[in-house]
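Presented below is the structure to which this report refers.
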Amino acid sequence: MTGVQVPDGADLIVLVDVASETERKLVQATLTGLADRPVTVAPLRGNALAEPLTDADPDTVVTAVRVAWAPRHPAGHEEEGPRRGRWSRAAPSLRRRPPGLLQKRALHRDPDRAQVVLAAPATVADLAGRWDGTGALADFVAQQAALALDRAERGVVGERVKVPRHVAEAIEASPDFRRELASLAERMECPEEELRARAAAALDGLVAAVDPAAVEVFTGMFRPLHSRAWDVQVDTAGLARLRELNRRHPLVFLPSHRSYVDPLVLADVLSAHDFPRNHVLGGDNLAFWPVGPLAKRAGIVFIRRSFGDDQVYKLAVREYFAFLLSKRFNLEWYMEGGRSRTGKLRPPRHGLLRYVADAVERRRVDDVLLVPVAITYDQLREVSLMAAEQGGAAKRGEGLSWLASYAREQVSTPLGTVHVAFAEPLSLAAALEAGADPADPDARRLTLQKVAFQVAVGINSVTPATATALVTLALLGVRDRALTLGQVRRVVEPLLAYLDERELPHSGAALRTFRGVRQVLGTLAGQGVVTVYDGGEEPVHAIERGQHLVAAFYRNSAIHHFVDRAIAELVMLADPADRWDEALRLRDQLKFEFFFPERDAYRERIGAELRRLDPEWETADGREVLCRVPLLVAHRVLRSFVDAQLVVAERLAARDPRTPVVDAEFLAECGGMGQQMLLQGRLHGPESLSRELFATALQLAGNLDLVDPGREELARRRQEWAAQVRDVVCRVVVIDELDAAARRESVGVEP
């Protein structure tokens with residue numbers, strides 16, 4: 001028998017939780033050994049416990065017993081991780097808790113699989129002291145016994161089977177929830193019973209069951225969507241650190257979001273390393289039948305995409321979060337609010353963080369650790385659809401037919417590797433303590449914004465520059481030209497050297513050989529992103545017509561590692577006396593595209609990059625410095641973003657200042673005018689014609705107070721901003737020309 005020892009001599013109440021005749025016999029054999037003391041045996045149900053509790057002495061010990069079934073691995077797969085999919089994994093429940101009719105046979109094959117576990121004992125007096133008087137004492141004792149049994153069972157089957165039970169009932173019965181509901185009813189001048197019914201309905205829609213059988217069916221059904229497409233490379237050191245922290249604190253996993261399969265990949269990774277299943281927050285647009293009901297039982301929390309002013313729903317969310325975190329269940333959601341359409345991180349949304357902060361501030365939990373997670377793919381099939389949306393195509397709605405189509409595409413051919421890495425977790429309690437008075441809503445909002453920003457920076461810090469990203473960075477840097485294998489490699493080599501010097505993560509080691517470069521180009525060609533012409537002396541490679549936004553998606557997943565270097569190059573082309581001011585102006589111009597630290601830290605980072613260019617950068621001739629460095633990146637990293645800003649700035653400057661800007665119409669106008677500017681050679685490439693880039697540039701203009709209608713003074717300021725953007729574009733073009741000249745000189749041909 002596995003568990004704790006029951007004190008000798010005490011009267012005993014044993015609550016039995018069995019699901020089959022085989023389990024009943026195993027438990028009965030265990031209970032026979034307790035015949036030397038008064039023992040009362042009852043089912044693990046409150047109504048069966050009421051009478052024994054009434055007659056029990058305060059010193060009577062209460063415990064519970066259950067049969068735990070250890071996992072059984074199929075032959076030959078004991079060490080197999082979450083890599084290539086096997087349909088044999090679709091029914092892992094048969095390998096853990098066999099159905100009742102098969103349990104006897106399972107024990108015959110492996111007698112050690114079933115272990116009787118005993119819950120930690122407690123006296124009747126102790127249990128009565130912990131009871132808050134809500135509901136019946138017998139129900140409370142049964143609930144506590146079930147929780148203690150769960151803990152004992154996890155000692156046999158592992159942490160991954162940790163599941164919440166009776167969540168909605170526990171929340172509705174809690175004094176905190178009832179007090180909050182009564183206060184809300186008073187503020188809203190609404191009958192409390194009406195609000196209680198609405199809250200119960202909200203909880204019913206929110207609470208995920210996390211039924212182990214449903215988890216296994218759900219996992220088995222959807223694992224092929226990723227396991228047949230990618231191998232998985234995992235930051236195991238980061239996981240070991242998190243597992244130790246999770247013994248003391250709940251974790252909130254906050255991953256990057258580039259694919260529908262992100263939650264499936266992360267779930268497999270965590271399960272393989274014995275983490276309990278996360279409660280994954282997803283938009284209710286994905287709750288379509290028949291997937292939605294199964295997903296909800298498998299730990300997916302379907303939540304409204306917008307709460308509006310529904311105070312009852314907000315209360316339900318807040319209490320649900322607090323309950324889960326107080327029981328040390330882990331959460332997971334995607335702060336970008338949707339999949340990245342450009343390949344780089346979107347600005348994080350911090351709305352849901354407020355409910356986690358509430359749990360910490362109200363002492364429902366001591367601390368919550370926020371875990372930045374980077375999930376990075378060598379290639380993604382869904383990128384082409386997202387690129388089409390950037391060109392103005394409508395997003396296809398999710399549904400059963402969409403899922404079937406998506407699944408067919410995912411299982412067709414391998415797509416390389418998915419990299420999963422974990423940054424240093426952030427203590428939310430420490431962040432809140434360092435912030436301003438939580439009673440000040442503006443200060444609290446600012447604190448949570450900073451926390452969300454730190455999460456995004458953490459994600460970027462562990463996101464590897466993939467080989468695909470580096471190759472597309474090379475190919476997109478030349479307009480309407482093709483590169484030989486050697487020319488691609490000559491661009492990539494200094495990029496790799498820079499990453500190594502800075503100790504930045506990358507998976508591009510294979511690009512140091514011609515074979516490695518050829519393999520990545522061949523894979524991109526196989527996906528239709530790159531075109532190859534081999535009718536001359538040697539093959540040349542270029543981005544396929546109409547695939548520039550797809551290539552930019554891959555490139556953009558890595559450019560955050562090169563942004564400081566790109567800004568330093570632009571700073572060197574400014575007047576020496578104006579270089580620090582120019583660095584700050586560029587920070588402001590790009591602040592809606594990239595994550596920059598506070599001014600002092602930013603100054604230190606850019607200063608380090610400038611010293612890498614030239615120790616005497618403050619007085620050196622900028623052109624001379626840039627002509628002799630082995631790596632120039634500004635034109636490859638920033639051109640599409642400043643080109644998109646140029647389109648928006650010039651359309652605003654050409655607009656009557658009294659005419660209101662309607663976002664949808666204006667973005668469509670930018671798309672049309674951007675196409676004209678591209679044909680005229682004023683833009684570098686089609687990757688700048690992105691609806692999301694135009695939208696971010698318009699957001700910057702709004703931040704500069706250049707969008708809302710005004711008078712002639714507004715027209716003047718719009719013209720000034722357009723001139724500033726043109727100046728930056730011109731300097732990027734100069735760096736492009738310097739880079740091309742250097743390569744012509746080194747190899748005799750333009751790259």
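Letters for chains follow the order of the structure tokens (A, B, ...), residue numbers begin at 1 for each chain, and ligand numbers begin at 1 in the order shown.
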Just want the 9 Å neighbourhood of segment 259-270 of chain A, counted on only C-alpha atoms, with same-chain residues fewer than 2 positions away dropped. Output as a PDB file with N, CA, C and O atoms, in the first residue's frame.
ATOM      1  N   GLY A  81       9.943  10.515 -27.034  1.00  0.00           N
ATOM      2  CA  GLY A  81       9.387  11.795 -26.643  1.00  0.00           C
ATOM      3  C   GLY A  81       8.319  12.230 -27.608  1.00  0.00           C
ATOM      4  O   GLY A  81       7.898  11.483 -28.485  1.00  0.00           O
ATOM      5  N   PRO A  82       7.868  13.490 -27.483  1.00  0.00           N
ATOM      6  CA  PRO A  82       6.785  13.980 -28.330  1.00  0.00           C
ATOM      7  C   PRO A  82       7.288  14.383 -29.699  1.00  0.00           C
ATOM      8  O   PRO A  82       7.326  15.550 -30.047  1.00  0.00           O
ATOM      9  N   ARG A 160       1.342  14.787 -14.024  1.00  0.00           N
ATOM     10  CA  ARG A 160       0.575  15.152 -15.214  1.00  0.00           C
ATOM     11  C   ARG A 160      -0.923  14.871 -15.078  1.00  0.00           C
ATOM     12  O   ARG A 160      -1.718  15.375 -15.860  1.00  0.00           O
ATOM     13  N   THR A 219      -5.936  14.543 -27.082  1.00  0.00           N
ATOM     14  CA  THR A 219      -4.528  14.522 -27.480  1.00  0.00           C
ATOM     15  C   THR A 219      -4.294  13.542 -28.617  1.00  0.00           C
ATOM     16  O   THR A 219      -3.588  13.845 -29.589  1.00  0.00           O
ATOM     17  N   PHE A 222      -5.607  14.977 -31.988  1.00  0.00           N
ATOM     18  CA  PHE A 222      -4.997  16.160 -32.588  1.00  0.00           C
ATOM     19  C   PHE A 222      -3.471  16.143 -32.609  1.00  0.00           C
ATOM     20  O   PHE A 222      -2.870  17.007 -33.241  1.00  0.00           O
ATOM     21  N   ARG A 223      -2.852  15.145 -31.963  1.00  0.00           N
ATOM     22  CA  ARG A 223      -1.393  15.100 -31.996  1.00  0.00           C
ATOM     23  C   ARG A 223      -0.832  15.019 -33.420  1.00  0.00           C
ATOM     24  O   ARG A 223       0.186  15.659 -33.719  1.00  0.00           O
ATOM     25  N   LEU A 225      -1.587  16.564 -35.943  1.00  0.00           N
ATOM     26  CA  LEU A 225      -1.535  17.888 -36.568  1.00  0.00           C
ATOM     27  C   LEU A 225      -0.162  18.515 -36.424  1.00  0.00           C
ATOM     28  O   LEU A 225       0.216  19.375 -37.219  1.00  0.00           O
ATOM     29  N   HIS A 226       0.576  18.122 -35.389  1.00  0.00           N
ATOM     30  CA  HIS A 226       1.920  18.677 -35.254  1.00  0.00           C
ATOM     31  C   HIS A 226       3.005  17.606 -35.267  1.00  0.00           C
ATOM     32  O   HIS A 226       4.086  17.827 -35.798  1.00  0.00           O
ATOM     33  N   SER A 227       2.710  16.407 -34.724  1.00  0.00           N
ATOM     34  CA  SER A 227       3.770  15.417 -34.588  1.00  0.00           C
ATOM     35  C   SER A 227       4.225  14.868 -35.934  1.00  0.00           C
ATOM     36  O   SER A 227       5.364  14.417 -36.067  1.00  0.00           O
ATOM     37  N   VAL A 232      10.499  18.005 -32.455  1.00  0.00           N
ATOM     38  CA  VAL A 232      10.432  18.982 -31.372  1.00  0.00           C
ATOM     39  C   VAL A 232      11.787  19.068 -30.680  1.00  0.00           C
ATOM     40  O   VAL A 232      12.357  18.058 -30.272  1.00  0.00           O
ATOM     41  N   VAL A 234      13.454  20.841 -27.428  1.00  0.00           N
ATOM     42  CA  VAL A 234      12.952  21.417 -26.181  1.00  0.00           C
ATOM     43  C   VAL A 234      14.095  21.891 -25.295  1.00  0.00           C
ATOM     44  O   VAL A 234      15.139  21.235 -25.198  1.00  0.00           O
ATOM     45  N   LEU A 239      12.898  23.591 -18.416  1.00  0.00           N
ATOM     46  CA  LEU A 239      11.797  22.819 -17.850  1.00  0.00           C
ATOM     47  C   LEU A 239      12.133  22.288 -16.463  1.00  0.00           C
ATOM     48  O   LEU A 239      11.283  22.285 -15.565  1.00  0.00           O
ATOM     49  N   PRO A 255       3.036  31.905 -24.044  1.00  0.00           N
ATOM     50  CA  PRO A 255       3.856  31.623 -25.232  1.00  0.00           C
ATOM     51  C   PRO A 255       3.634  32.637 -26.356  1.00  0.00           C
ATOM     52  O   PRO A 255       2.623  33.348 -26.418  1.00  0.00           O
ATOM     53  N   SER A 256       4.592  32.661 -27.267  1.00  0.00           N
ATOM     54  CA  SER A 256       4.391  33.341 -28.548  1.00  0.00           C
ATOM     55  C   SER A 256       3.324  32.581 -29.324  1.00  0.00           C
ATOM     56  O   SER A 256       3.076  31.395 -29.071  1.00  0.00           O
ATOM     57  N   HIS A 257       2.712  33.251 -30.300  1.00  0.00           N
ATOM     58  CA  HIS A 257       1.582  32.613 -30.994  1.00  0.00           C
ATOM     59  C   HIS A 257       1.747  32.788 -32.498  1.00  0.00           C
ATOM     60  O   HIS A 257       1.514  33.860 -33.037  1.00  0.00           O
ATOM     61  N   ALA A 272       5.223  15.286 -21.429  1.00  0.00           N
ATOM     62  CA  ALA A 272       6.381  14.393 -21.498  1.00  0.00           C
ATOM     63  C   ALA A 272       7.350  14.628 -20.354  1.00  0.00           C
ATOM     64  O   ALA A 272       8.167  13.764 -20.039  1.00  0.00           O
ATOM     65  N   HIS A 273       7.272  15.813 -19.732  1.00  0.00           N
ATOM     66  CA  HIS A 273       8.173  16.135 -18.618  1.00  0.00           C
ATOM     67  C   HIS A 273       7.419  16.206 -17.293  1.00  0.00           C
ATOM     68  O   HIS A 273       7.831  16.907 -16.365  1.00  0.00           O
ATOM     69  N   ASP A 274       6.282  15.506 -17.221  1.00  0.00           N
ATOM     70  CA  ASP A 274       5.534  15.278 -15.983  1.00  0.00           C
ATOM     71  C   ASP A 274       5.018  16.557 -15.339  1.00  0.00           C
ATOM     72  O   ASP A 274       5.008  16.688 -14.114  1.00  0.00           O
ATOM     73  N   PHE A 275       4.553  17.503 -16.151  1.00  0.00           N
ATOM     74  CA  PHE A 275       3.836  18.659 -15.645  1.00  0.00           C
ATOM     75  C   PHE A 275       2.337  18.366 -15.686  1.00  0.00           C
ATOM     76  O   PHE A 275       1.857  17.681 -16.600  1.00  0.00           O
ATOM     77  N   PRO A 276       1.582  18.881 -14.727  1.00  0.00           N
ATOM     78  CA  PRO A 276       0.122  18.761 -14.837  1.00  0.00           C
ATOM     79  C   PRO A 276      -0.366  19.544 -16.043  1.00  0.00           C
ATOM     80  O   PRO A 276       0.285  20.497 -16.489  1.00  0.00           O
ATOM     81  N   ARG A 277      -1.510  19.155 -16.563  1.00  0.00           N
ATOM     82  CA  ARG A 277      -2.032  19.820 -17.755  1.00  0.00           C
ATOM     83  C   ARG A 277      -2.419  21.254 -17.439  1.00  0.00           C
ATOM     84  O   ARG A 277      -3.071  21.541 -16.434  1.00  0.00           O
ATOM     85  N   ASN A 278      -2.017  22.170 -18.311  1.00  0.00           N
ATOM     86  CA  ASN A 278      -2.407  23.569 -18.154  1.00  0.00           C
ATOM     87  C   ASN A 278      -3.893  23.754 -18.429  1.00  0.00           C
ATOM     88  O   ASN A 278      -4.488  23.022 -19.222  1.00  0.00           O
ATOM     89  N   VAL A 280      -5.834  25.961 -20.533  1.00  0.00           N
ATOM     90  CA  VAL A 280      -5.472  26.789 -21.682  1.00  0.00           C
ATOM     91  C   VAL A 280      -6.654  27.672 -22.054  1.00  0.00           C
ATOM     92  O   VAL A 280      -7.739  27.166 -22.374  1.00  0.00           O
ATOM     93  N   GLU A 332      -2.476  28.968 -19.031  1.00  0.00           N
ATOM     94  CA  GLU A 332      -1.756  29.235 -20.283  1.00  0.00           C
ATOM     95  C   GLU A 332      -2.653  30.070 -21.173  1.00  0.00           C
ATOM     96  O   GLU A 332      -3.835  29.755 -21.336  1.00  0.00           O
ATOM     97  N   TRP A 333      -2.104  31.164 -21.693  1.00  0.00           N
ATOM     98  CA  TRP A 333      -2.817  31.883 -22.751  1.00  0.00           C
ATOM     99  C   TRP A 333      -1.816  32.638 -23.614  1.00  0.00           C
ATOM    100  O   TRP A 333      -0.620  32.672 -23.326  1.00  0.00           O
ATOM    101  N   ARG A 339      -2.766  34.909 -33.648  1.00  0.00           N
ATOM    102  CA  ARG A 339      -1.506  34.506 -34.275  1.00  0.00           C
ATOM    103  C   ARG A 339      -0.831  35.695 -34.942  1.00  0.00           C
ATOM    104  O   ARG A 339      -1.479  36.547 -35.533  1.00  0.00           O
ATOM    105  N   SER A 340       0.493  35.740 -34.832  1.00  0.00           N
ATOM    106  CA  SER A 340       1.244  36.794 -35.503  1.00  0.00           C
ATOM    107  C   SER A 340       1.089  36.645 -37.010  1.00  0.00           C
ATOM    108  O   SER A 340       1.262  35.563 -37.563  1.00  0.00           O
ATOM    109  N   ILE A 375       7.803  29.578 -29.018  1.00  0.00           N
ATOM    110  CA  ILE A 375       7.523  28.418 -29.868  1.00  0.00           C
ATOM    111  C   ILE A 375       7.805  28.865 -31.300  1.00  0.00           C
ATOM    112  O   ILE A 375       7.096  29.705 -31.846  1.00  0.00           O
ATOM    113  N   TYR A 377       8.918  27.842 -35.350  1.00  0.00           N
ATOM    114  CA  TYR A 377       8.842  26.782 -36.355  1.00  0.00           C
ATOM    115  C   TYR A 377       9.811  27.073 -37.508  1.00  0.00           C
ATOM    116  O   TYR A 377       9.939  28.219 -37.956  1.00  0.00           O
ATOM    117  N   LEU A 380       5.893  26.899 -41.599  1.00  0.00           N
ATOM    118  CA  LEU A 380       4.477  26.790 -41.247  1.00  0.00           C
ATOM    119  C   LEU A 380       3.645  26.824 -42.521  1.00  0.00           C
ATOM    120  O   LEU A 380       3.809  27.723 -43.350  1.00  0.00           O
ATOM    121  N   GLU A 382       0.383  27.395 -42.608  1.00  0.00           N
ATOM    122  CA  GLU A 382      -0.668  28.409 -42.524  1.00  0.00           C
ATOM    123  C   GLU A 382      -0.160  29.811 -42.807  1.00  0.00           C
ATOM    124  O   GLU A 382      -0.943  30.761 -42.854  1.00  0.00           O
ATOM    125  N   VAL A 383       1.168  29.980 -42.989  1.00  0.00           N
ATOM    126  CA  VAL A 383       1.708  31.310 -43.259  1.00  0.00           C
ATOM    127  C   VAL A 383       1.128  31.884 -44.543  1.00  0.00           C
ATOM    128  O   VAL A 383       0.856  33.080 -44.637  1.00  0.00           O
ATOM    129  N   VAL A 418      10.265  22.261 -34.623  1.00  0.00           N
ATOM    130  CA  VAL A 418       9.672  23.312 -33.811  1.00  0.00           C
ATOM    131  C   VAL A 418      10.522  23.415 -32.544  1.00  0.00           C
ATOM    132  O   VAL A 418      10.824  22.416 -31.903  1.00  0.00           O
ATOM    133  N   VAL A 420      11.070  24.865 -28.777  1.00  0.00           N
ATOM    134  CA  VAL A 420      10.328  25.319 -27.600  1.00  0.00           C
ATOM    135  C   VAL A 420      11.334  25.690 -26.518  1.00  0.00           C
ATOM    136  O   VAL A 420      12.122  24.847 -26.078  1.00  0.00           O
TER     137      VAL A 420
END
- Task: Going by DSSP on the backbone, which bits of segment 325-480 of chain A are strand (DSSP E or B)? Write them as a ChimeraX atom specification, please.
- Result: /A:331-332,369-377,417-422,426-427,465
Output the selection as a compact mmCIF listing (two decimals), in the first residue's frame - all heavy atoms for each residue.
# COMPACT_ATOMS: atom_id res chain seq x y z
N LEU A 331 -1.93 27.95 -15.59
CA LEU A 331 -2.70 28.55 -16.68
C LEU A 331 -1.82 28.75 -17.90
O LEU A 331 -0.58 28.73 -17.81
CB LEU A 331 -3.27 29.91 -16.24
CG LEU A 331 -4.24 29.93 -15.06
CD1 LEU A 331 -4.67 31.37 -14.77
CD2 LEU A 331 -5.45 29.07 -15.34
N GLU A 332 -2.48 28.97 -19.03
CA GLU A 332 -1.76 29.23 -20.28
C GLU A 332 -2.65 30.07 -21.17
O GLU A 332 -3.83 29.75 -21.34
CB GLU A 332 -1.40 27.92 -20.98
CG GLU A 332 -0.82 28.05 -22.38
CD GLU A 332 -0.71 26.70 -23.08
OE1 GLU A 332 -0.63 25.66 -22.39
OE2 GLU A 332 -0.74 26.69 -24.33
N LEU A 369 4.10 32.84 -10.93
CA LEU A 369 5.26 33.04 -11.80
C LEU A 369 4.81 33.02 -13.25
O LEU A 369 4.15 32.09 -13.71
CB LEU A 369 6.30 31.94 -11.55
CG LEU A 369 6.84 31.86 -10.12
CD1 LEU A 369 7.88 30.75 -10.01
CD2 LEU A 369 7.44 33.19 -9.69
N LEU A 370 5.16 34.08 -13.97
CA LEU A 370 4.82 34.21 -15.38
C LEU A 370 5.98 33.65 -16.20
O LEU A 370 7.13 34.07 -16.02
CB LEU A 370 4.57 35.68 -15.74
CG LEU A 370 3.57 36.42 -14.84
CD1 LEU A 370 3.44 37.88 -15.30
CD2 LEU A 370 2.22 35.73 -14.85
N VAL A 371 5.67 32.73 -17.10
CA VAL A 371 6.70 32.01 -17.85
C VAL A 371 6.64 32.42 -19.32
O VAL A 371 5.72 32.00 -20.04
CB VAL A 371 6.53 30.49 -17.72
CG1 VAL A 371 7.67 29.77 -18.44
CG2 VAL A 371 6.45 30.07 -16.26
N PRO A 372 7.58 33.23 -19.81
CA PRO A 372 7.64 33.51 -21.25
C PRO A 372 8.10 32.27 -22.01
O PRO A 372 9.09 31.64 -21.64
CB PRO A 372 8.68 34.64 -21.36
CG PRO A 372 8.86 35.16 -19.95
CD PRO A 372 8.60 33.98 -19.05
N VAL A 373 7.36 31.90 -23.05
CA VAL A 373 7.66 30.69 -23.83
C VAL A 373 7.77 31.07 -25.30
O VAL A 373 6.87 31.71 -25.85
CB VAL A 373 6.57 29.62 -23.66
CG1 VAL A 373 6.97 28.34 -24.37
CG2 VAL A 373 6.28 29.35 -22.18
N ALA A 374 8.85 30.66 -25.92
CA ALA A 374 9.03 30.87 -27.36
C ALA A 374 8.77 29.55 -28.09
O ALA A 374 9.41 28.54 -27.79
CB ALA A 374 10.44 31.36 -27.67
N ILE A 375 7.80 29.58 -29.02
CA ILE A 375 7.52 28.42 -29.87
C ILE A 375 7.80 28.86 -31.30
O ILE A 375 7.10 29.70 -31.85
CB ILE A 375 6.07 27.94 -29.72
CG1 ILE A 375 5.75 27.64 -28.24
CG2 ILE A 375 5.83 26.69 -30.56
CD1 ILE A 375 4.31 27.25 -28.00
N THR A 376 8.86 28.32 -31.88
CA THR A 376 9.36 28.80 -33.17
C THR A 376 9.44 27.64 -34.15
O THR A 376 10.01 26.58 -33.83
CB THR A 376 10.75 29.43 -33.00
OG1 THR A 376 10.74 30.32 -31.88
CG2 THR A 376 11.15 30.21 -34.26
N TYR A 377 8.92 27.84 -35.35
CA TYR A 377 8.84 26.78 -36.36
C TYR A 377 9.81 27.07 -37.51
O TYR A 377 9.94 28.22 -37.96
CB TYR A 377 7.42 26.69 -36.93
CG TYR A 377 6.36 26.43 -35.90
CD1 TYR A 377 5.81 27.46 -35.15
CD2 TYR A 377 5.91 25.13 -35.65
CE1 TYR A 377 4.83 27.22 -34.20
CE2 TYR A 377 4.93 24.87 -34.70
CZ TYR A 377 4.40 25.93 -33.98
OH TYR A 377 3.44 25.69 -33.03
N THR A 417 11.67 21.44 -37.82
CA THR A 417 11.72 21.40 -36.37
C THR A 417 10.89 22.53 -35.78
O THR A 417 10.81 23.62 -36.35
CB THR A 417 13.18 21.52 -35.87
OG1 THR A 417 13.93 20.41 -36.38
CG2 THR A 417 13.26 21.52 -34.36
N VAL A 418 10.26 22.26 -34.62
CA VAL A 418 9.67 23.31 -33.81
C VAL A 418 10.52 23.42 -32.54
O VAL A 418 10.82 22.42 -31.90
CB VAL A 418 8.19 23.04 -33.48
CG1 VAL A 418 7.97 21.67 -32.89
CG2 VAL A 418 7.65 24.10 -32.52
N HIS A 419 10.94 24.65 -32.23
CA HIS A 419 11.82 24.90 -31.10
C HIS A 419 10.99 25.48 -29.95
O HIS A 419 10.29 26.49 -30.13
CB HIS A 419 12.92 25.89 -31.49
CG HIS A 419 13.63 25.54 -32.76
ND1 HIS A 419 14.81 24.83 -32.78
CD2 HIS A 419 13.31 25.78 -34.07
CE1 HIS A 419 15.20 24.66 -34.04
NE2 HIS A 419 14.31 25.22 -34.84
N VAL A 420 11.07 24.86 -28.78
CA VAL A 420 10.33 25.32 -27.60
C VAL A 420 11.33 25.69 -26.52
O VAL A 420 12.12 24.85 -26.08
CB VAL A 420 9.36 24.24 -27.08
CG1 VAL A 420 8.55 24.76 -25.90
CG2 VAL A 420 8.43 23.77 -28.20
N ALA A 421 11.32 26.96 -26.11
CA ALA A 421 12.29 27.45 -25.12
C ALA A 421 11.57 28.28 -24.07
O ALA A 421 10.54 28.92 -24.35
CB ALA A 421 13.37 28.28 -25.80
N PHE A 422 12.12 28.29 -22.86
CA PHE A 422 11.49 28.94 -21.72
C PHE A 422 12.45 29.99 -21.16
O PHE A 422 13.58 29.68 -20.79
CB PHE A 422 11.15 27.91 -20.64
CG PHE A 422 10.28 26.79 -21.14
CD1 PHE A 422 10.84 25.64 -21.68
CD2 PHE A 422 8.91 26.89 -21.09
CE1 PHE A 422 10.06 24.61 -22.17
CE2 PHE A 422 8.10 25.86 -21.58
CZ PHE A 422 8.68 24.73 -22.12
N LEU A 426 8.95 35.35 -14.33
CA LEU A 426 8.81 36.63 -13.64
C LEU A 426 7.88 36.47 -12.45
O LEU A 426 6.79 35.89 -12.58
CB LEU A 426 8.25 37.69 -14.59
CG LEU A 426 8.97 37.89 -15.91
CD1 LEU A 426 8.18 38.84 -16.80
CD2 LEU A 426 10.36 38.44 -15.67
N SER A 427 8.26 37.00 -11.31
CA SER A 427 7.41 36.98 -10.12
C SER A 427 6.40 38.12 -10.22
O SER A 427 6.78 39.30 -10.23
CB SER A 427 8.25 37.14 -8.86
OG SER A 427 7.44 37.47 -7.75
N ALA A 465 17.09 32.34 -33.85
CA ALA A 465 17.12 32.69 -35.26
C ALA A 465 17.29 31.39 -36.04
O ALA A 465 18.35 30.78 -36.02
CB ALA A 465 18.27 33.66 -35.54
- Between atom CA of Ala185 of chain A and atom CA of Glu172 of chain A, what is the distance, to one decimal in Å?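 Taking atom CA of Ala185 of chain A as the start and atom CA of Glu172 of chain A as the end point, the length is 15.0 Å.
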- Could you give me, as a list in words, the residues within 9 Å of Gly282 of chain A, counting only C-alpha atoms and dropping anything in the same chain fewer than 4 positions from it?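 Residues meeting the cut-off are Leu286, Ala287, Ile300, Val301, Phe302, Ile303, Arg304, Arg305, Trp333 and Tyr334 of chain A.
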- Message: One decimal, in Å: what's the spacing between atom CA of Glu493 of chain A and atom CA of Ser690 of chain A?
- Response: 29.1 Å
